[in-house]
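A short write-up of the structure that comes next.
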Amino acid sequence: MSAAPKPMPTFDVDAARADFDILSRTVYGKRLAYLDSGASAQKPRVVLDAMRDFASRDYANVHRGVHFLSGAATDAYEAARETVRKFMNAASVDEIVFTKGGTEAINLVSYAFLAPRIQPGDEIVLTVMEHHSNIVPWHFLRERQGAVLRWVDVRDDGSLDIEAFDAAITAKTKLVAVTHMSNVLGTVTPLKEIVARAHAKGVPVLADGCQGAVHEIVDVQALDIDFYALTGHKIYGPTGIGALYAKKAHLKAMCPFNGGGEMIREVSQDRITYADPPARFEAGTPPIIESVGLAAAMDYLNGFDRAAVAAHEHDLLAYARDAVRELNWLRVIGDAPGKGAILSFEAEGMHAHDLATILDREGVAVRAGHHCAQPLMERFAVVSTSRASFALYNTRTDVDQLVAALHKARQILV
Amino acid sequence: MSAAPKPMPTFDVDAARADFDILSRTVYGKRLAYLDSGASAQKPRVVLDAMRDFASRDYANVHRGVHFLSGAATDAYEAARETVRKFMNAASVDEIVFTKGGTEAINLVSYAFLAPRIQPGDEIVLTVMEHHSNIVPWHFLRERQGAVLRWVDVRDDGSLDIEAFDAAITAKTKLVAVTHMSNVLGTVTPLKEIVARAHAKGVPVLADGCQGAVHEIVDVQALDIDFYALTGHKIYGPTGIGALYAKKAHLKAMCPFNGGGEMIREVSQDRITYADPPARFEAGTPPIIESVGLAAAMDYLNGFDRAAVAAHEHDLLAYARDAVRELNWLRVIGDAPGKGAILSFEAEGMHAHDLATILDREGVAVRAGHHCAQPLMERFAVVSTSRASFALYNTRTDVDQLVAALHKARQILV
Amino acid sequence: MDNSLRELYQEVILDHSRHPRHSGVLANATHKADGYNPLCGDRVTVYLALDEAGKVADIKFQGKGCAISQASASLMTDLLLGRSKEDAEKLMQGFLHLVKGEDAAGLSADDREILDVMSGLSEFPMRVKCATLAWHTFKSAVEGGEAAKTE
Amino acid sequence: MDNSLRELYQEVILDHSRHPRHSGVLANATHKADGYNPLCGDRVTVYLALDEAGKVADIKFQGKGCAISQASASLMTDLLLGRSKEDAEKLMQGFLHLVKGEDAAGLSADDREILDVMSGLSEFPMRVKCATLAWHTFKSAVEGGEAAKTE
Ligand SMILES: Cc1ncc(COP(=O)(O)O)c(C=O)c1O
Ligand SMILES: Cc1ncc(COP(=O)(O)O)c(C=O)c1O
């Protein structure tokens with residue numbers, strides 16, 4: 001008996017689209033071409049169903065209860081933690097901390113890990129393409145504790161120069177904070193190489209995976225990375241939740257961040273001791289219903305052949321890149337090899353906001369502005385850009401609609 | 001024509017119960033008597049519907065987009081802020097900061113308002129009945145900055161002695177942090193009087209309204225209070241969201257807490273300026289879907305005659321109090337005049353966890369433990385208590401079921 | 001093509017945005033303010049020369065931004081030249097009402113006719129702040145020059 | 001009345017919890033550890049006297065807690081007296097499997113018969129930690145006395 005040949009990975013985008021009710025709505029009577037998933041992704045019905053079913057059947061507060069619903073809710077919450085662990089291939093669920101989002105995950109590292117270790121003059125290495133969420137927490141340490149920010153430039157095509165990066169890591173470096181995938185350029189950074197270089201100098205690495213976790217396979221053990229932050233709402237999950245992976249040794253050594261219920265061991269009037277990780281970092285009632293939604297979203301995404309989804313997204317990007325290549329009034333910003341499915345551009349004679357307004361009336365949702373990446377805008381000497389970002393549910397029709405709308409905008413504005 | 005007499009406030013509990021699907025489920029084949037709303041309330045269908053409808057029709061990220069869905073989402077998010085403003089009768093929406101929950105709301109005050117103002121020896125006045133969420137942030141300031149915690153005792157019946165409270169406020173006091181309603185004793189504190197006494201000495205007041213906002217009418221202007229924290233999940237809303245009211249002058253003077261997108265004005269490599277409140281305190285993507293749920297929950301609650309709901313809850317408490325009065329093996333902890341609908345007790349010869357397990361098998365969900373209020377446990381010399389907490393959807397049948405189950409537990413355990 | 005778009009980006013607006021009137025620095029300015037819209041990064045600086053009577057003797061602006069914000073600034077400088085502070089304030093209120101689609105009865109018939117080219121904005125609530133940035137900046141210049149912004 | 005409840009709170013358990021064996025302080029203890037369950041506040045201290053061969057020559061416990069945790073501690077001390085460290089470790093593993101409703105084949109027939117009174121716990125997963133607190137504390141006493149807890 002001969003084995004059947006392994007089928008080619010396939011991805012049925014029309015079937016996937018049917019999972020998202022919002023995609024079949026119209027705006028101003030036009031078909032919706034939602035090209036703003038980089039800001040936030042839409043949520044499939046299974047995610048919304050999971051949250052609603054849980055909330056209307058098994059809901060209670062977690063952890064401290066011994067009654068049935070409290071047990072059911074605790075089981076659901078901890079099962080979600082296991083789902084996140086598996087999604088990132090962490091060694092242990094104790095290395096997964098639920099947060100309110102990607103921003104809080106990074107702030108947690110800043111407040112609970114780095115701040116107590118920073119002396120004036122200590123350096124933090126980051127790139128000019130970071131999102132404000134991976135910039136501002138480090139500015140705090142500069143303002144409050146005299147840390148020095150060492151900015152690594154990107155090349156003109158948006159790619160990272162690993163040698164320049166390496167050179168920025170010195171004996172004074174206390175942390176490398178780098179995006180896994182730029183939300184403006186689409187650049188995917190060589191995390192494994194970065195971690196190797198940083199570790200060779202004894203420096204821990206935090207990856208901002210808010211975009212990367214959506215489009216790349218994350219394996220924190222293979223990366224040997226110290227911290228990895230992701231957010232629920234970009235990965236087809238709910239708002240109000242994110243997660244931080246951190247190596248157990250780091251978590252154990254970290255001081256608490258928010259104080260409140262669940263994160264203590266014992267409290268008296270004049271003494272306090274703290275719970276072990278991850279509870280130590282989850283003060284108060286956590287995003288319980290959202291954890292169920294996040295797990296459903298990760299299950300949904302992993303229900304596809306991830307390589308096929310990635311191929312689909314890259315195909316869209318290539319198709320869009322080709323379509324705009326012939327528009328000599330349009331300048332694409334970010335063309336790094338292997339980049340993710342994000343297309344940022346400037347259009348001659350058209351301000352990004354005017355352009356976005358006109359695209360909007362054609363049903364095309366793009367983001368216009370600085371995309372919470374002002375240092376990157378400065379680097380490319382622009383005030384703002386327009387950005388089309390692709391998700392698994394986008395199609396070539398979306399791209400065609402975008403290109404047609406670009407032409408209309410030019411008709412009106414130029 | 002003579003005016004019709006004003007109808008008595010009425011509250012139809014059976015109609016209300018029908019709004020909560022979970023209440024009609026069974027556990028172990030028994031009718032569910034959910035008496036754990038103090039830990040977290042169940043959510044009516046309108047709340048779950050509002051979130052789901054929004055997420056499947058109008059969802060996008062807020063604020064920075066100019067496209068249709070982004071506008072719709074921003075409108076919904078800011079409308080929710082207005083709903084919260086109205087709910088607390090704040091003067092301006094700019095005084096409402098969305099947080100991830102009640103715990104984060106209090107931590108925000110600790111990190112962004114109090115921490116920069118604390119010198120060693122400065123005092124924070126709080127009561128022994130505070131929840132850990134209104135204790136641990138102040139312990140941080142003790143551990144990290146040498147603040148002194150001044151604990152105000154409660155009387156044996158759980159009531160607050162305003163004179164003792166007043167005496168604890170000195171020239172060294174930098175903040176009064178007090179619960180609006182105790183989650184263990186049910187005690188409702190005289191906030192207006194407390195604020196008057198504290199302000200007479202120039203001291204700002206923070207109220208932990210996580211329980212109070214559910215059962216009392218909150219009017220921050222009438223109270224003249226400085227900070228008021230509430231949480232979504234106890235007020236029939238979703239997890240993952242809470243809100244802080246703070247006077248505009250305080251917010252303006254506060255430093256940022258979490259850093260990230262949306263909370264900045266301008267960021268460059270070596271300079272940063274921050275946005276005005278409330279944006280300054282809402283780093284990253286906020287709990288957008290949850291804000292819609294919270295607004296729906298507040299609308300739901302305010303759709304009732306609040307006085308009638310309060311009367312219903314107080315009736316349940318009185319009914320339960322009477323029922324257990326005759327059980328000479330049961331000691332109620334907390335009997336303050338005017339207290340809210342929470343009944344904590346110790347049962348002779350029965351540990352709270354054993355008791356809760358048995359009640360659970362009878363369909364009765366109560367909380368057992370220290371209720372995140374260890375200093376209060378110490379005050380009443382108990383390790384843990386059992387707690388039945390009542391919400392608008394509870395009935396005398398729930399109480400009867402509780403009392404019957406208590407008898408069964410005694411049969412088994414004693 | 002969408003009519004409301006045609007109305008928003010009508011020729012007068014585009015012309016103002018491409019060839020802004022009163023653009024540049026005012027050397028003899030008595031008042032000045034910077035405006036900034038953190039949502040899109042648009043900037044405008046408004047320079048004023050107020051005479052003793054509190055009249056706008058001269059006005060100029062410099063800025064970078066979308067067509068709406070540039071056109072609005074250009075139109076504004078055109079309109080404000082020669083006005084008293086009080087008049088300018090009334091004009092501004094009228095303008096704010098107009099772009100939000102509210103009752104702009106406070107505007108004179110002449111002003112209304114000129115500003116009418118911006119009334120299409122009421123269909124684009126997300127762009128109103130682009131149009132009001134220059135006006136808010138003018139106001140803060142008059143009031144002493146704290147940085148203005150629209151968020 | 002619920003059968004699984006009757007089984008959980010059967011007479012042997014209640015008797016152990018009301019009249020714990022080996023309760024008190026061990027004056028000549030060679031090892032000692034404190035256990036704490038932060039979820040409910042239950043505490044237990046386990047005192048051990050290990051002889052040169054690594055055998056439990058004497059054992060006592062002191063604690064405050066629910067019927068399950070007290071009974072479990074009492075039963076444990078009964079069983080561990082006279083055992084070698086290795087035996088104790090095996091017994092503990094078997095017990096952990098038993099209360100979780102997993103295969104406890106590692107237990108000898110005699111031990112199994114004694115511990116069987118706690119097998120009802122497998123129906124009460126939220127209470128398993130009450131039963132394992134004393135055992136974890138015993139283990140940390142043997143290993144040198146870091147505070148144990150079950151969360
Ligand atoms: C009085 C009180 N304060 C604070 C909290 C904490 O709020 P949250 O659960 O939203 O973090 C609670 C509930 O857990 C509470 O009852
Ligand atoms: C690269 C990157 N980092 C961080 C964030 C912030 O995450 P969150 O929106 O969950 O706070 C975003 C998105 O806004 C992002 O794109």
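Letters for chains follow the order of the structure tokens (A, B, ...), residue numbers begin at 1 for each chain, and ligand numbers begin at 1 in the order shown.
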Leaving out D:Phe138 and any residue of its chain fewer than 5 positions from it, which residues lie within 10 Å of it when counting only C-alpha atoms, given as a list in words? His31, Lys32, Ala33, Asp34, Gly35, Val44, Thr45, Val46, Tyr47, Leu48, Ile59, Phe61, Ala73, Met76, Thr77, Leu80, Ala88, Glu89, Met92, Thr132, Leu133, Glu143, Gly145 and Ala148 of chain D
Go ahead and write the residues just picked, C-alpha atoms, as a compact mmCIF listing (two decimals), in the first residue's frame.
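The file below, again_6.txt, is the result:
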# COMPACT_ATOMS: atom_id res chain seq x y z
CA HIS D 31 13.14 18.68 59.68
CA LYS D 32 10.28 21.11 59.62
CA ALA D 33 8.29 23.03 56.99
CA ASP D 34 5.35 25.39 56.85
CA GLY D 35 2.63 24.98 54.28
CA VAL D 44 -0.01 23.38 58.24
CA THR D 45 3.37 22.82 59.83
CA VAL D 46 4.96 19.40 59.47
CA TYR D 47 7.66 18.24 61.95
CA LEU D 48 9.86 15.27 61.17
CA ILE D 59 6.27 12.89 62.66
CA PHE D 61 1.76 18.26 62.34
CA ALA D 73 -2.63 15.56 57.30
CA MET D 76 -0.55 11.14 56.18
CA THR D 77 1.27 11.17 59.50
CA LEU D 80 4.42 7.88 56.97
CA ALA D 88 7.34 8.20 51.40
CA GLU D 89 7.99 9.76 48.02
CA MET D 92 2.98 10.67 47.95
CA THR D 132 -2.34 17.73 49.07
CA LEU D 133 -1.16 20.63 51.23
CA GLU D 143 13.99 18.58 51.07
CA GLY D 145 12.28 23.24 54.54
CA ALA D 148 5.28 24.84 50.67
Within 8 Å of ligand 1, counting only C-alpha atoms and all ligand atoms, which protein or nucleic acid residues do you find, written as a PDB file with N, CA and C atoms, in the first residue's frame?
ATOM      1  N   GLY A 260      -3.112  44.193  44.006  1.00  0.00           N
ATOM      2  CA  GLY A 260      -4.537  43.957  44.241  1.00  0.00           C
ATOM      3  C   GLY A 260      -4.801  42.511  44.581  1.00  0.00           C
ATOM      4  N   GLY A 261      -6.027  42.086  44.368  1.00  0.00           N
ATOM      5  CA  GLY A 261      -6.406  40.722  44.656  1.00  0.00           C
ATOM      6  C   GLY A 261      -5.648  39.762  43.752  1.00  0.00           C
ATOM      7  N   ALA A 283      -2.965  41.151  38.880  1.00  0.00           N
ATOM      8  CA  ALA A 283      -3.725  41.735  39.977  1.00  0.00           C
ATOM      9  C   ALA A 283      -5.171  41.969  39.558  1.00  0.00           C
ATOM     10  N   GLY A 284      -6.083  41.679  40.472  1.00  0.00           N
ATOM     11  CA  GLY A 284      -7.489  41.965  40.206  1.00  0.00           C
ATOM     12  C   GLY A 284      -8.138  40.901  39.350  1.00  0.00           C
ATOM     13  N   THR A 285      -9.401  41.111  39.077  1.00  0.00           N
ATOM     14  CA  THR A 285     -10.120  40.179  38.214  1.00  0.00           C
ATOM     15  C   THR A 285      -9.556  40.287  36.807  1.00  0.00           C
ATOM     16  N   PRO A 286      -9.086  39.177  36.244  1.00  0.00           N
ATOM     17  CA  PRO A 286      -8.488  39.242  34.910  1.00  0.00           C
ATOM     18  C   PRO A 286      -9.560  39.316  33.820  1.00  0.00           C
TER      19      PRO A 286
ATOM     20  N   GLY B  38     -21.134  39.346  44.460  1.00  0.00           N
ATOM     21  CA  GLY B  38     -20.104  40.213  45.029  1.00  0.00           C
ATOM     22  C   GLY B  38     -18.743  39.939  44.413  1.00  0.00           C
ATOM     23  N   ALA B  39     -18.517  38.693  44.019  1.00  0.00           N
ATOM     24  CA  ALA B  39     -17.272  38.363  43.317  1.00  0.00           C
ATOM     25  C   ALA B  39     -17.369  38.784  41.862  1.00  0.00           C
ATOM     26  N   SER B  40     -18.474  38.454  41.248  1.00  0.00           N
ATOM     27  CA  SER B  40     -18.733  38.941  39.897  1.00  0.00           C
ATOM     28  C   SER B  40     -20.194  38.693  39.565  1.00  0.00           C
ATOM     29  N   LYS B 100      -8.649  48.644  32.902  1.00  0.00           N
ATOM     30  CA  LYS B 100      -8.963  47.233  32.701  1.00  0.00           C
ATOM     31  C   LYS B 100      -9.846  46.682  33.806  1.00  0.00           C
ATOM     32  N   GLY B 101     -10.031  47.440  34.856  1.00  0.00           N
ATOM     33  CA  GLY B 101     -10.870  46.971  35.953  1.00  0.00           C
ATOM     34  C   GLY B 101     -10.720  47.894  37.141  1.00  0.00           C
ATOM     35  N   GLY B 102     -11.350  47.512  38.249  1.00  0.00           N
ATOM     36  CA  GLY B 102     -11.274  48.337  39.445  1.00  0.00           C
ATOM     37  C   GLY B 102      -9.866  48.393  40.010  1.00  0.00           C
ATOM     38  N   THR B 103      -9.185  47.268  39.979  1.00  0.00           N
ATOM     39  CA  THR B 103      -7.833  47.215  40.515  1.00  0.00           C
ATOM     40  C   THR B 103      -6.912  48.170  39.766  1.00  0.00           C
ATOM     41  N   GLU B 104      -6.993  48.155  38.460  1.00  0.00           N
ATOM     42  CA  GLU B 104      -6.120  49.048  37.698  1.00  0.00           C
ATOM     43  C   GLU B 104      -6.478  50.513  37.933  1.00  0.00           C
ATOM     44  N   GLU B 130     -10.784  47.298  53.814  1.00  0.00           N
ATOM     45  CA  GLU B 130     -10.493  47.444  52.382  1.00  0.00           C
ATOM     46  C   GLU B 130     -10.210  46.094  51.732  1.00  0.00           C
ATOM     47  N   HIS B 131     -10.553  46.042  50.456  1.00  0.00           N
ATOM     48  CA  HIS B 131     -10.196  44.934  49.573  1.00  0.00           C
ATOM     49  C   HIS B 131      -8.700  45.059  49.249  1.00  0.00           C
ATOM     50  N   HIS B 132      -8.041  43.945  48.997  1.00  0.00           N
ATOM     51  CA  HIS B 132      -6.606  44.006  48.684  1.00  0.00           C
ATOM     52  C   HIS B 132      -6.287  45.004  47.570  1.00  0.00           C
ATOM     53  N   SER B 133      -7.228  45.183  46.669  1.00  0.00           N
ATOM     54  CA  SER B 133      -6.979  46.131  45.576  1.00  0.00           C
ATOM     55  C   SER B 133      -6.864  47.563  46.068  1.00  0.00           C
ATOM     56  N   ASN B 134      -7.401  47.827  47.232  1.00  0.00           N
ATOM     57  CA  ASN B 134      -7.266  49.154  47.830  1.00  0.00           C
ATOM     58  C   ASN B 134      -6.319  49.102  49.045  1.00  0.00           C
ATOM     59  N   THR B 179     -13.218  52.316  50.988  1.00  0.00           N
ATOM     60  CA  THR B 179     -14.226  51.640  50.182  1.00  0.00           C
ATOM     61  C   THR B 179     -15.569  52.356  50.305  1.00  0.00           C
ATOM     62  N   HIS B 180     -16.336  52.294  49.241  1.00  0.00           N
ATOM     63  CA  HIS B 180     -17.702  52.828  49.308  1.00  0.00           C
ATOM     64  C   HIS B 180     -18.617  51.797  49.965  1.00  0.00           C
ATOM     65  N   MET B 181     -18.318  50.538  49.686  1.00  0.00           N
ATOM     66  CA  MET B 181     -19.086  49.453  50.302  1.00  0.00           C
ATOM     67  C   MET B 181     -18.165  48.255  50.453  1.00  0.00           C
ATOM     68  N   SER B 182     -18.109  47.712  51.657  1.00  0.00           N
ATOM     69  CA  SER B 182     -17.229  46.576  51.920  1.00  0.00           C
ATOM     70  C   SER B 182     -17.727  45.323  51.218  1.00  0.00           C
ATOM     71  N   ASN B 183     -16.809  44.601  50.578  1.00  0.00           N
ATOM     72  CA  ASN B 183     -17.210  43.381  49.880  1.00  0.00           C
ATOM     73  C   ASN B 183     -17.394  42.205  50.826  1.00  0.00           C
ATOM     74  N   ASP B 208     -13.045  53.398  46.669  1.00  0.00           N
ATOM     75  CA  ASP B 208     -13.114  52.140  45.937  1.00  0.00           C
ATOM     76  C   ASP B 208     -14.594  51.812  45.781  1.00  0.00           C
ATOM     77  N   GLY B 209     -15.103  52.083  44.593  1.00  0.00           N
ATOM     78  CA  GLY B 209     -16.532  51.917  44.347  1.00  0.00           C
ATOM     79  C   GLY B 209     -16.881  50.621  43.636  1.00  0.00           C
ATOM     80  N   CYS B 210     -15.988  49.637  43.692  1.00  0.00           N
ATOM     81  CA  CYS B 210     -16.241  48.395  42.945  1.00  0.00           C
ATOM     82  C   CYS B 210     -17.544  47.735  43.374  1.00  0.00           C
ATOM     83  N   GLN B 211     -17.834  47.788  44.687  1.00  0.00           N
ATOM     84  CA  GLN B 211     -19.126  47.281  45.167  1.00  0.00           C
ATOM     85  C   GLN B 211     -20.151  48.413  45.233  1.00  0.00           C
ATOM     86  N   GLY B 212     -19.711  49.566  45.691  1.00  0.00           N
ATOM     87  CA  GLY B 212     -20.641  50.668  45.916  1.00  0.00           C
ATOM     88  C   GLY B 212     -21.394  51.097  44.674  1.00  0.00           C
ATOM     89  N   LEU B 230     -14.472  52.221  39.691  1.00  0.00           N
ATOM     90  CA  LEU B 230     -15.488  51.158  39.584  1.00  0.00           C
ATOM     91  C   LEU B 230     -15.026  50.108  38.588  1.00  0.00           C
ATOM     92  N   THR B 231     -15.724  48.986  38.577  1.00  0.00           N
ATOM     93  CA  THR B 231     -15.338  47.883  37.700  1.00  0.00           C
ATOM     94  C   THR B 231     -16.547  47.350  36.939  1.00  0.00           C
ATOM     95  N   GLY B 232     -16.311  46.929  35.712  1.00  0.00           N
ATOM     96  CA  GLY B 232     -17.405  46.504  34.855  1.00  0.00           C
ATOM     97  C   GLY B 232     -18.065  45.203  35.265  1.00  0.00           C
ATOM     98  N   HIS B 233     -17.261  44.238  35.661  1.00  0.00           N
ATOM     99  CA  HIS B 233     -17.796  42.879  35.795  1.00  0.00           C
ATOM    100  C   HIS B 233     -18.712  42.705  36.997  1.00  0.00           C
ATOM    101  N   LYS B 234     -18.669  43.619  37.946  1.00  0.00           N
ATOM    102  CA  LYS B 234     -19.570  43.497  39.098  1.00  0.00           C
ATOM    103  C   LYS B 234     -20.890  44.224  38.865  1.00  0.00           C
ATOM    104  N   THR B 239     -16.015  41.563  31.780  1.00  0.00           N
ATOM    105  CA  THR B 239     -14.686  41.625  32.375  1.00  0.00           C
ATOM    106  C   THR B 239     -13.800  42.481  31.468  1.00  0.00           C
ATOM    107  N   GLY B 240     -12.610  42.807  31.974  1.00  0.00           N
ATOM    108  CA  GLY B 240     -11.645  43.514  31.134  1.00  0.00           C
ATOM    109  C   GLY B 240     -11.867  45.008  31.046  1.00  0.00           C
ATOM    110  N   ILE B 241     -12.777  45.546  31.843  1.00  0.00           N
ATOM    111  CA  ILE B 241     -12.988  46.991  31.813  1.00  0.00           C
ATOM    112  C   ILE B 241     -13.404  47.520  33.181  1.00  0.00           C
ATOM    113  N   GLY B 242     -12.963  48.719  33.448  1.00  0.00           N
ATOM    114  CA  GLY B 242     -13.352  49.460  34.637  1.00  0.00           C
ATOM    115  C   GLY B 242     -13.226  50.922  34.304  1.00  0.00           C
ATOM    116  N   CYS B 372     -10.186  38.401  49.619  1.00  0.00           N
ATOM    117  CA  CYS B 372      -9.200  39.458  49.342  1.00  0.00           C
ATOM    118  C   CYS B 372      -9.290  40.571  50.371  1.00  0.00           C
TER     119      CYS B 372
END
Please determine the contact residues of chain A with respect to chain D at a cut-off of 10 Å, counting only C-alpha atoms, and supply them as a VMD selection string. chain A and resid 63 to 68 70 to 71 74 262 264 to 266 275 to 276 279
Suppose you want the space between atom CA of B:Leu392 and atom CA of B:Ala91; what is it in Å?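 Atom CA of B:Ala91 lies 28.2 Å from atom CA of B:Leu392.
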Mind checking DSSP for stretch 164-349 of chain B and telling me the helix (DSSP H, G or I) residues as JSON, numbers by chain? {"B": [164, 165, 166, 167, 168, 191, 192, 193, 194, 195, 196, 197, 198, 199, 200, 212, 213, 214, 215, 220, 221, 222, 223, 248, 249, 250, 251, 252, 253, 279, 280, 281, 288, 289, 290, 291, 292, 293, 294, 295, 296, 297, 298, 299, 300, 301, 302, 306, 307, 308, 309, 310, 311, 312, 313, 314, 315, 316, 317, 318, 319, 320, 321, 322, 323, 324, 325]}
Please identify all polymer residues within 12 Å of D:Ser72, counting only C-alpha atoms, omitting same-chain residues fewer than 6 positions from it, and present them as a ChimeraX atom specification. /D:8-9,12-22,44,61,63,65-66,78-80,92,95-96,99,114-119,121,127-138
Given only C-alpha atoms and all ligand atoms as the counted atoms, nearest of A:Asp354, A:Asp12, A:Asp36, A:Asp224 to ligand 2: A:Asp36
Residues within 12 Å of B:Val364, only C-alpha atoms, excluding chain neighbours under 2 positions, as a PyMOL selection string: (chain A and resi 66-70) or (chain B and resi 23+26-36+355-362+366-367+386-389+394+397-406+408-409)
Shell of 10 Å around A:Leu206, only C-alpha atoms, local chain residues under 4 positions omitted, as a list in words: Ile106, Val109, Leu126, Asn134, Leu175, Val176, Ala177, Val178, Thr179, His180, Leu191, Val195, Ile225, Asp226, Phe227, Tyr228, Ala229, Leu244, Tyr245 and Ala246 of chain A
I need the residue nearest ligand 2 from this list: A:Glu348, A:Thr395, A:Thr189, A:Leu160. Use only C-alpha atoms and all ligand atoms for the distance. A:Thr189
All strand (DSSP E or B) positions in stretch 28-92 of chain A, as a ChimeraX atom specification: /A:30-31,33-34,36
Could those selected residues go to a file with N, CA and C atoms, as a PDB file, in the first residue's frame?
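Wrote it out as result.pdb, contents follow:
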ATOM      1  N   LYS A  30     -21.290  50.744  -0.587  1.00  0.00           N
ATOM      2  CA  LYS A  30     -20.199  50.068  -1.305  1.00  0.00           C
ATOM      3  C   LYS A  30     -19.762  48.805  -0.575  1.00  0.00           C
ATOM      4  N   ARG A  31     -19.225  47.869  -1.329  1.00  0.00           N
ATOM      5  CA  ARG A  31     -18.605  46.691  -0.739  1.00  0.00           C
ATOM      6  C   ARG A  31     -17.482  47.137   0.203  1.00  0.00           C
ATOM      7  N   ALA A  33     -13.993  46.902   1.716  1.00  0.00           N
ATOM      8  CA  ALA A  33     -12.647  46.324   1.560  1.00  0.00           C
ATOM      9  C   ALA A  33     -11.880  46.722   2.815  1.00  0.00           C
ATOM     10  N   TYR A  34     -11.874  45.818   3.785  1.00  0.00           N
ATOM     11  CA  TYR A  34     -11.269  46.154   5.077  1.00  0.00           C
ATOM     12  C   TYR A  34      -9.776  45.893   5.021  1.00  0.00           C
ATOM     13  N   ASP A  36      -7.494  47.344   7.122  1.00  0.00           N
ATOM     14  CA  ASP A  36      -6.974  47.993   8.329  1.00  0.00           C
ATOM     15  C   ASP A  36      -6.765  46.982   9.453  1.00  0.00           C
TER      16      ASP A  36
END
Residue nearest chain A - candidates B:His215, B:Arg155, B:His407, B:His353, atoms counted: only C-alpha atoms: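 Using only C-alpha atoms, chain A sits closest to B:His353.
Distances to D:Lys55 were evaluated for D:Ala109, D:Glu86, D:Leu26, D:Ala67 using only C-alpha atoms, and the minimum falls at D:Glu86.
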For each of B:Ala115, B:Phe11, B:Ile194, B:Arg57, take the minimum atom-to-atom distance to B:Arg306, counting only C-alpha atoms, then give the residue where this is smallest.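 When distances to B:Arg306 are compared using only C-alpha atoms, the smallest one comes from B:Phe11.
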Long-range neighbours of A:Leu294 as an MDAnalysis selection string, 12 Å cut-off, only C-alpha atoms, 6 positions minimum in chain: chainID A and resid 43:44 46:51 76:77 79:84 87 98:101 230:243 287:288 300:301
Which of these residues is nearest to chain B, using only C-alpha atoms: A:Ala352, A:Ala368, A:Ala90, A:Ala336? A:Ala368
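Between atom CA of C:Asp111 and atom CA of C:Gly94 the interatomic distance comes to 9.2 Å.
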